[in-house]
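**Q** There's a structure below that I have some questions on.
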Amino acid sequence: MPIYNVKLMRKDIVAHSTMAIHLAKPKGFEFKAGQFGDITLLDPPETDEEGNIRGFSLAHAPYEADLMMATRLRDTAFKRVLRALPIGAEVKLDAPYGSFTLHNNERTPAVFLTGGIGITPVRSIIAQATHDKTAHRITLLYANKTPADAAFMADLESYAKANSNFTFVPVMDEAPGGWRGERGLINASMLARHVSDLKAPIYYLCGPAAMVAAMRKLLDEAGVDEDNTRTEEFSGY
Ligand SMILES: Cc1cc2nc3c(=O)[nH]c(=O)nc-3n(C[C@H](O)[C@H](O)[C@H](O)COP(=O)(O)OP(=O)(O)OC[C@H]3O[C@@H](n4cnc5c(N)ncnc54)[C@H](O)[C@@H]3O)c2cc1C
């Protein structure tokens with residue numbers, strides 16, 4: 001894949017300990033919603049045994065003007081350097097990679113089961129489907145500990161308003177009083193409440209390995225054929 005040096009345009013805190021970085025899109029750069037890229041820190045002031053490269057999903061959709069990625073800010077050398085990176089600095093981008101992309105057949109529904117930082121490629125896919133006005137029926141169950149931990153809530157709510165084929169189901173483990181979404185962890189009865197025919201959709205599971213494993217177990221127990229699931233595991237969490 002082509003390798004580019006790209007400029008950091010903006011950094012935003014988008015949830016508790018979660019930072020989005022906006023990178024200038026290289027001329028002619030094309031990708032599919034859901035794909036990821038490898039970011040290399042150039043000449044970083046510190047490093048550790050994990051090195052200077054991390055894979056991040058492209059959280060902006062292809063139609064959006066710049067490239068955006070988001071990450072949980074843990075106390076690792078890579079994240080410390082990324083957090084302190086000045087606007088205008090360059091990083092190396094090796095992209096696009098991956099096949100965690102929306103299926104073509106618009107008659108087959110899509111169900112996304114994710115949580116926490118696993119939302120990144122899902123945001124891109126749903127943004128692009130909404131922009132393209134595809135006919136896919138899409139349901140997203142998005143689990144977080146609290147609303148403060150959940151990135152891109154306003155974006156997802158706006159896609160649900162704009163796209164009548166998209167159902168957004170936020171799930172909070174610890175919800176404040178007055179919370180109108182689902183409470184607890186994603187489980188079989190919650191899934192059944194939002195997916196009328198469990199055998200019909202293609203399921204997309206995404207996030208840290210433990211999250212993907214838990215969702216895969218849930219689908220196995222619900223009798224969903226493994227052929228109808230697609231996964232993107234964020235190794236390293
Ligand atoms: C296809 C793909 C897409 C990805 N997309 C994203 C994305 O969109 N956003 C994103 O944030 N990440 C994404 N990742 C994961 C990302 O590449 C990093 O692995 C991850 O962000 C962790 O990096 P780190 O610097 O925090 O930890 P590392 O320094 O890589 O951690 C190394 C090891 O130390 C452990 N460790 C380090 N710090 C802690 C801590 N505080 N608590 C517990 N254990 C710790 C980790 O478990 C790990 O085993 C993706 C990975 C893949 C493969």
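Just remember, in the structure tokens the first chain shown is A, the second B, etc., residues are 1-based per chain, and ligands are 1-based in the order shown.
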With only C-alpha atoms and all ligand atoms counted and 9 Å as the cut-off, give the residues of chain A in contact with ligand 1, each with its shortest interatomic distance in Å and the pair that gives it, as CSV.

**A**
residue,atom,partner,partner_atom_place_in_ligand_line,distance
A:Thr18,CA,ligand 1,11 (O),8.2
A:Met19,CA,ligand 1,11 (O),8.7
A:Gln35,CA,ligand 1,1 (C),7.7
A:Phe36,CA,ligand 1,3 (C),5.8
A:Gly37,CA,ligand 1,3 (C),7.7
A:Asp38,CA,ligand 1,17 (O),7.8
A:Ile39,CA,ligand 1,17 (O),8.8
A:Asp48,CA,ligand 1,29 (O),7.6
A:Glu49,CA,ligand 1,29 (O),7.9
A:Glu50,CA,ligand 1,29 (O),5.3
A:Gly51,CA,ligand 1,29 (O),7.8
A:Asn52,CA,ligand 1,25 (O),8.8
A:Ile53,CA,ligand 1,17 (O),7.8
A:Arg54,CA,ligand 1,17 (O),4.1
A:Gly55,CA,ligand 1,17 (O),3.8
A:Phe56,CA,ligand 1,5 (N),3.6
A:Ser57,CA,ligand 1,8 (O),3.9
A:Leu58,CA,ligand 1,8 (O),6.7
A:Ala59,CA,ligand 1,8 (O),7.0
A:Met69,CA,ligand 1,8 (O),6.0
A:Ala70,CA,ligand 1,9 (N),5.2
A:Thr71,CA,ligand 1,11 (O),3.2
A:Arg72,CA,ligand 1,11 (O),5.0
A:Leu73,CA,ligand 1,26 (O),6.6
A:Arg74,CA,ligand 1,41 (N),4.9
A:Asp75,CA,ligand 1,41 (N),5.6
A:Thr76,CA,ligand 1,25 (O),5.0
A:Ala77,CA,ligand 1,25 (O),6.7
A:Phe78,CA,ligand 1,25 (O),5.1
A:Lys79,CA,ligand 1,25 (O),5.4
A:Arg80,CA,ligand 1,25 (O),8.5
A:Tyr97,CA,ligand 1,1 (C),8.0
A:Gly98,CA,ligand 1,1 (C),6.9
A:Phe100,CA,ligand 1,1 (C),8.6
A:Ile117,CA,ligand 1,9 (N),5.7
A:Gly118,CA,ligand 1,8 (O),6.6
A:Ile119,CA,ligand 1,8 (O),7.6
A:Thr120,CA,ligand 1,8 (O),5.0
A:Pro121,CA,ligand 1,8 (O),6.7
A:Cys206,CA,ligand 1,3 (C),8.9
A:Gly207,CA,ligand 1,5 (N),7.6
A:Pro208,CA,ligand 1,15 (C),7.5
A:Glu232,CA,ligand 1,1 (C),6.0
A:Glu233,CA,ligand 1,53 (C),6.0
A:Phe234,CA,ligand 1,51 (C),3.6
A:Ser235,CA,ligand 1,53 (C),4.8
A:Gly236,CA,ligand 1,19 (O),3.4
A:Tyr237,CA,ligand 1,47 (O),4.5

**Q** For the structure I just gave you, how does DSSP split segment 102-158 of chain A - specifically, which residues are strand (DSSP E)? Reply as a compact mmCIF listing (two decimals) with C-alpha atoms, in the first residue's frame.

**A**
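New file states.txt:
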# COMPACT_ATOMS: atom_id res chain seq x y z
CA ALA A 110 -26.49 -5.43 9.14
CA VAL A 111 -26.18 -5.62 12.92
CA PHE A 112 -23.17 -4.01 14.59
CA LEU A 113 -22.23 -5.14 18.10
CA THR A 114 -19.51 -3.05 19.60
CA GLY A 115 -18.37 -1.13 22.63
CA ILE A 138 -28.65 -1.24 10.04
CA THR A 139 -28.88 -1.79 13.80
CA LEU A 140 -26.08 -0.70 16.13
CA LEU A 141 -25.79 -1.86 19.74
CA TYR A 142 -23.06 0.35 21.22
CA ALA A 143 -21.99 -0.55 24.77
CA ASN A 144 -20.13 1.71 27.17

**Q** What does the distance from atom CA of Ala222 of chain A to atom CA of Thr134 of chain A come to in Å, to one decimal?

**A** 27.9 Å

**Q** Using only C-alpha atoms, which of the listed residues (A:Ala89, A:Ala129, A:Ala151, A:Leu67) sits closest to Asn165 of chain A?

**A**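 Selected residue with least distance to Asn165 of chain A: A:Ala129.
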
**Q** Work out how far apart atom CA of Lys27 of chain A and atom CA of Pro44 of chain A are and give it in Å to one decimal.

**A** 25.6 Å

**Q** Give me the residues within 12 Å of Val171 of chain A as a PyMOL selection string, counting only C-alpha atoms and dropping any in the same chain fewer than 3 places off.

**A** chain A and resi 113-116+140-147+149-150+153+168+174-176+179-187+190-191

**Q** Find the residues around Arg216 of chain A up to 10 Å (only C-alpha atoms counted), leave out those fewer than 3 positions away in its own chain, and share them as a list in words.

**A**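 So, after excluding close chain neighbours, the residues are Leu113, Tyr203, Tyr204, Leu205, Ala210, Met211, Val212, Ala213, Leu219, Asp220, Glu221, Ala222, Val224, Glu226, Thr229, Arg230 and Thr231 of chain A.
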